[in-house]
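Colleague: I am attaching a structure below and will ask some questions about it afterwards.
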Amino acid sequence: MYDSPGFLAEEEAGKGATLYRFVGGALSRRIKKKAVHFLGVGGSGMSNLALLARWNGWAVSGSDLTESTKLQALRDEGVNVFVGHSSENIQQAQGIIGLPDAVVVSSAVPEDNIELKTALLCGVPVYRRDEWLAQITEEDVVVAIAGSHGKTSTSAMLTYILQAQWGDLKAIVGGDVLQLPLQAGALCGDGPFFVVEADEYARAFHMLSPDWAVVTNVDLDHVDVYASQAEFEDAFYKFICNVKEGGVLLMNGDDPGARAVLARLRGEGTRFPLGGRQIMTYGIGKGNEWRAVDCAPNSRGGIDFKILRRGQEVGSVSLQLPGEHNVANALAATVTAAMLTVLRRHSRTVAEVAIELPFPNTVIDADRNGEEVAEMLGECTQSLGDFEGLRRRFEVVGEGSGFTVVDDYAHHPTEVAAALWAARQRFPGKSVWVVFEPHTYSRLNNFFDALASALGEADRVIVTDVFGARESLAGFQSMGGLETLLAERVRDAAPSEYISSHADIAQRLAFELSVEPQEVVILTMGAGSVTSLGPRLLRQL
């Protein structure tokens, strides 16, 4: 229903067809009472948008299928939350009889949702999440972080640094950041800068026109939307071309997909950079303008590294987080934070920032004012050293006699491999057991071999049922039993089995660890319900 960016759907009376009318103009000119209802408000992205609206003085309501800690946190902030979906939720969204000014819909909400249909029939403007994000950022200086993997961590790191440096930041992160208010992913400052995690699913990030963009990698994902790596790269190419004239692109030069997009950009010099846009690369490998070198584990369970710019050392970082992937994330966040802070220092007032941006001479400043950039890198890296991470990103859930339970969002082969690498670094000498919950049938089918290869690096693997998310098995009947086949394939490299029930998994692991205590890291991986397994296991033990 919402496949065309910038349009909202409404039912055509008597025909059951779908029409689209353009939603244009500034949000402030359309919305008078400032009352908004969020459909699917329990998800990380939607709950953070709801918090941002509430902290900005809006009357906010929302609904979701099941009760959760997120819903209670929203209630505590004055959000009117409904459990379950009903037409009355729309008609009494603000606690009184009356319609909201807008309804924002999660991508997980189906087209036949009763609240969605009620809003459309009542003439309430309906926005997809990406449309809403574009509207609320249109008058700000947008710093957008995109990429197949690492965008949430990079956005969180950058947000944490800039909030520590400035204190007036706006931000939306698609995860729960431990050191932000309510351990959520939203900030509502009064400054001109807005950090946004830019989602590539269904090309949502095409709605944004960032002033500064970071691309962490371009590695095929969301195969229910993108048919090939080439199509995926084209989506990122178009996102990059939305960077405003005078803006900056910071791109991971180590990633093959990103390099392919970069080659296309540089091969079309008449089109990009255009209007003074600047391109910089970062990474670990040689040839990047900004590099991380001398990476080494530290005593905090994280990793240390030095920062080079064009071969010259300009700073150092000491992370609490493990893994080479977090080195890249931290490098992108630190460089962006330092250079934005240098720019802001040279603008005496907020009004000047708004007038001067997009960013004239931003990259030139790194050459002209090398000492100042190095000074800011030092301040930013010091802040980053205090960053404790996010929920579900290599989150230590708890420990027992000889074992540690860690939860990670990894559900793509690249992410699985990175999480296992981090586990080996953080817990040297311990066995790593993985409980893997595949996320969506299409992803399991398309990345079957790569997932088997990545999981084979563990010491033991349990595969559980697919978390279908927006997909149902009814649409993928031919894929039934793939979880069992995945466990069998992994068995060629590591002991592996398929267990459907999370309760049975917890019981099995608890029994084995009670019979034979050992030094084990139990890594629960997946983007769905597997996150509840770690606490259950700890309770049973």
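Chain labels run A, B, ... following the order of the structure tokens; each chain numbers its residues from 1, and ligands are numbered from 1 in the order shown.
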Assign secondary structure with DSSP using the backbone only, and return the residues of region 265-484 of chain A in strand (DSSP E or B) as a compact mmCIF listing (two decimals) with N, CA, C and O atoms, in the first residue's frame.
Modeller:
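The file below, result_18.txt, is the result:
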```
# COMPACT_ATOMS: atom_id res chain seq x y z
N GLN A 278 31.64 16.83 -1.16
CA GLN A 278 32.95 16.24 -0.90
C GLN A 278 32.79 14.77 -0.55
O GLN A 278 31.83 14.37 0.11
N ILE A 279 33.76 13.95 -0.99
CA ILE A 279 33.77 12.53 -0.68
C ILE A 279 35.03 12.20 0.10
O ILE A 279 36.13 12.57 -0.31
N MET A 280 34.87 11.51 1.22
CA MET A 280 36.00 11.00 1.99
C MET A 280 35.78 9.51 2.22
O MET A 280 34.65 9.04 2.26
N THR A 281 36.86 8.77 2.39
CA THR A 281 36.76 7.35 2.70
C THR A 281 37.43 7.08 4.05
O THR A 281 38.33 7.79 4.47
N TYR A 282 36.93 6.01 4.70
CA TYR A 282 37.51 5.59 5.97
C TYR A 282 37.59 4.07 5.98
O TYR A 282 36.93 3.39 5.18
N GLY A 283 38.39 3.52 6.88
CA GLY A 283 38.50 2.08 6.98
C GLY A 283 39.82 1.67 7.60
O GLY A 283 40.58 2.50 8.10
N TRP A 290 40.96 8.30 5.92
CA TRP A 290 40.97 8.11 7.36
C TRP A 290 41.13 6.62 7.65
O TRP A 290 40.35 5.81 7.14
N ARG A 291 42.13 6.26 8.46
CA ARG A 291 42.40 4.85 8.71
C ARG A 291 42.47 4.56 10.20
O ARG A 291 42.91 5.40 11.00
N ALA A 292 42.08 3.33 10.57
CA ALA A 292 42.30 2.79 11.90
C ALA A 292 43.44 1.77 11.79
O ALA A 292 43.37 0.86 10.96
N VAL A 293 44.47 1.93 12.61
CA VAL A 293 45.63 1.03 12.55
C VAL A 293 46.00 0.61 13.97
O VAL A 293 45.55 1.18 14.96
N ASP A 294 46.86 -0.40 14.05
CA ASP A 294 47.37 -0.92 15.33
C ASP A 294 46.23 -1.31 16.27
O ASP A 294 46.23 -0.99 17.47
N CYS A 295 45.27 -2.06 15.72
CA CYS A 295 44.14 -2.51 16.53
C CYS A 295 44.60 -3.59 17.51
O CYS A 295 45.30 -4.53 17.11
N ALA A 296 44.20 -3.48 18.77
CA ALA A 296 44.62 -4.46 19.78
C ALA A 296 43.58 -4.52 20.89
O ALA A 296 43.02 -3.49 21.29
N PRO A 297 43.31 -5.73 21.41
CA PRO A 297 42.38 -5.85 22.54
C PRO A 297 42.90 -5.09 23.75
O PRO A 297 44.12 -4.97 23.96
N ILE A 303 38.58 -2.76 22.35
CA ILE A 303 39.67 -2.75 21.38
C ILE A 303 40.20 -1.32 21.25
O ILE A 303 39.45 -0.35 21.32
N ASP A 304 41.51 -1.20 21.14
CA ASP A 304 42.19 0.08 20.98
C ASP A 304 42.70 0.20 19.55
O ASP A 304 43.05 -0.81 18.92
N PHE A 305 42.78 1.44 19.06
CA PHE A 305 43.39 1.66 17.74
C PHE A 305 43.80 3.12 17.61
O PHE A 305 43.36 3.99 18.37
N LYS A 306 44.65 3.37 16.62
CA LYS A 306 45.08 4.72 16.30
C LYS A 306 44.37 5.20 15.04
O LYS A 306 44.02 4.39 14.18
N ILE A 307 44.20 6.52 14.93
CA ILE A 307 43.58 7.11 13.76
C ILE A 307 44.65 7.83 12.94
O ILE A 307 45.41 8.65 13.47
N LEU A 308 44.69 7.49 11.65
CA LEU A 308 45.57 8.19 10.71
C LEU A 308 44.72 8.98 9.72
O LEU A 308 43.66 8.52 9.30
N ARG A 309 45.20 10.16 9.35
CA ARG A 309 44.61 10.87 8.22
C ARG A 309 45.71 11.12 7.19
O ARG A 309 46.68 11.80 7.45
N GLN A 312 49.11 10.28 8.48
CA GLN A 312 49.62 10.97 9.67
C GLN A 312 48.74 10.66 10.86
O GLN A 312 47.51 10.79 10.80
N GLU A 313 49.35 10.28 11.98
CA GLU A 313 48.57 9.98 13.18
C GLU A 313 47.94 11.24 13.74
O GLU A 313 48.62 12.25 13.96
N VAL A 314 46.63 11.18 13.97
CA VAL A 314 45.90 12.34 14.47
C VAL A 314 45.08 12.04 15.72
O VAL A 314 44.45 12.94 16.28
N GLY A 315 45.08 10.78 16.18
CA GLY A 315 44.30 10.48 17.38
C GLY A 315 44.36 9.00 17.70
O GLY A 315 44.93 8.19 16.96
N SER A 316 43.76 8.64 18.84
CA SER A 316 43.68 7.24 19.26
C SER A 316 42.36 7.02 19.97
O SER A 316 41.78 7.94 20.55
N VAL A 317 41.90 5.77 19.94
CA VAL A 317 40.60 5.41 20.50
C VAL A 317 40.78 4.18 21.39
O VAL A 317 41.51 3.26 21.05
N SER A 318 40.06 4.18 22.53
CA SER A 318 40.01 3.01 23.40
C SER A 318 38.54 2.69 23.63
O SER A 318 37.84 3.37 24.38
N LEU A 390 24.73 -0.60 23.07
CA LEU A 390 23.29 -0.65 22.85
C LEU A 390 22.74 -1.99 23.32
O LEU A 390 23.47 -2.98 23.43
N GLU A 395 25.38 -7.58 23.73
CA GLU A 395 24.99 -7.20 25.09
C GLU A 395 25.17 -8.39 26.03
O GLU A 395 24.59 -9.45 25.83
N VAL A 396 25.97 -8.20 27.06
CA VAL A 396 26.17 -9.25 28.07
C VAL A 396 24.91 -9.28 28.95
O VAL A 396 24.64 -8.36 29.71
N VAL A 397 24.15 -10.37 28.83
CA VAL A 397 22.88 -10.51 29.55
C VAL A 397 23.11 -10.91 31.00
O VAL A 397 22.41 -10.47 31.91
N GLY A 398 24.09 -11.77 31.23
CA GLY A 398 24.38 -12.22 32.59
C GLY A 398 25.42 -13.32 32.59
O GLY A 398 25.85 -13.81 31.53
N GLU A 399 25.84 -13.70 33.78
CA GLU A 399 26.89 -14.70 33.94
C GLU A 399 26.48 -15.71 35.00
O GLU A 399 25.68 -15.42 35.90
N PHE A 403 29.95 -19.70 32.79
CA PHE A 403 29.36 -19.35 31.50
C PHE A 403 28.88 -17.91 31.49
O PHE A 403 28.61 -17.30 32.53
N THR A 404 28.82 -17.34 30.29
CA THR A 404 28.35 -15.97 30.06
C THR A 404 27.33 -16.01 28.94
O THR A 404 27.55 -16.67 27.91
N VAL A 405 26.22 -15.30 29.11
CA VAL A 405 25.19 -15.22 28.08
C VAL A 405 25.28 -13.85 27.42
O VAL A 405 25.24 -12.82 28.11
N VAL A 406 25.41 -13.84 26.10
CA VAL A 406 25.50 -12.61 25.32
C VAL A 406 24.41 -12.62 24.26
O VAL A 406 24.17 -13.65 23.61
N ASP A 407 23.75 -11.49 24.08
CA ASP A 407 22.68 -11.37 23.08
C ASP A 407 23.12 -10.43 21.98
O ASP A 407 23.66 -9.34 22.25
N ASP A 408 22.89 -10.82 20.73
CA ASP A 408 23.29 -9.99 19.60
C ASP A 408 22.23 -10.03 18.52
O ASP A 408 21.58 -11.07 18.29
N SER A 431 34.80 -21.64 24.98
CA SER A 431 34.00 -22.18 23.89
C SER A 431 32.84 -21.23 23.59
O SER A 431 32.28 -20.61 24.51
N VAL A 432 32.50 -21.12 22.33
CA VAL A 432 31.40 -20.24 21.92
C VAL A 432 30.26 -21.09 21.37
O VAL A 432 30.41 -21.76 20.34
N TRP A 433 29.16 -21.10 22.09
CA TRP A 433 27.95 -21.80 21.65
C TRP A 433 26.97 -20.76 21.11
O TRP A 433 26.79 -19.70 21.70
N VAL A 434 26.34 -21.10 20.01
CA VAL A 434 25.42 -20.16 19.37
C VAL A 434 24.02 -20.75 19.32
O VAL A 434 23.84 -21.92 18.95
N VAL A 435 23.04 -19.94 19.68
CA VAL A 435 21.64 -20.25 19.40
C VAL A 435 21.20 -19.24 18.34
O VAL A 435 21.16 -18.03 18.61
N PHE A 436 20.91 -19.74 17.15
CA PHE A 436 20.63 -18.85 16.02
C PHE A 436 19.18 -18.95 15.59
O PHE A 436 18.68 -20.05 15.33
N HIS A 439 16.09 -14.96 10.55
CA HIS A 439 15.14 -13.84 10.47
C HIS A 439 14.63 -13.73 9.04
O HIS A 439 15.38 -13.38 8.14
N ARG A 460 29.63 -24.82 18.92
CA ARG A 460 28.40 -25.58 18.95
C ARG A 460 27.27 -24.67 18.51
O ARG A 460 27.27 -23.47 18.82
N VAL A 461 26.29 -25.22 17.79
CA VAL A 461 25.21 -24.41 17.23
C VAL A 461 23.86 -25.08 17.46
O VAL A 461 23.72 -26.30 17.27
N ILE A 462 22.89 -24.30 17.89
CA ILE A 462 21.49 -24.72 17.90
C ILE A 462 20.73 -23.76 17.00
O ILE A 462 20.80 -22.54 17.17
N VAL A 463 20.04 -24.31 16.02
CA VAL A 463 19.20 -23.51 15.13
C VAL A 463 17.76 -23.67 15.58
O VAL A 463 17.30 -24.80 15.84
N PHE A 467 12.10 -16.57 12.59
CA PHE A 467 11.25 -15.46 13.01
C PHE A 467 10.78 -14.76 11.74
O PHE A 467 11.55 -14.09 11.07
```
Colleague: Just how far from CA of Gly45 (chain A) is CA of Gly534 (chain A), in Å to one decimal?
Modeller: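 For CA of Gly534 (chain A) relative to CA of Gly45 (chain A), the distance reads 22.9 Å.
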Colleague: Using only C-alpha atoms, find the one residue out of A:Thr484, A:Thr464, A:Ser228, A:Gln163 that sits nearest to Ile505 (chain A).
Modeller: A:Thr464
Colleague: Which residues are close to Thr440 (chain A), i.e. within 8 Å by only C-alpha atoms, leaving aside same-chain residues fewer than 4 positions away? Reply as a PyMOL selection string.
Modeller: chain A and resi 444+466-471
Colleague: So which residues touch Val41 (chain A) within 10 Å, counting only C-alpha atoms, skipping near sequence neighbours fewer than 3 positions away, as a list of chain:residue names?
Modeller: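 Once the adjacent positions are removed, what remains is A:His37, A:Phe38, A:Ser44, A:Gly45, A:Met46, A:Ser47, A:Asn48, A:Leu49, A:Ala50, A:Leu51, A:Ser61, A:Gly62, A:Ser63, A:Asp64, A:Leu65, A:Lys70, A:Leu71, A:Leu74, A:Val81, A:Phe82, A:Val83, A:Val104, A:Val105, A:Ser106.
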Colleague: Just list as a PyMOL selection string whatever in region 243-419 of chain A DSSP marks as alpha helix (DSSP H).
Modeller: chain A and resi 256-267+324-345+350-356+362-368+370-384+413-419
Colleague: Have a look at CA of Ala422 (chain A) and CA of His325 (chain A) and let me know their distance in Å, one decimal.
Modeller: 8.5 Å
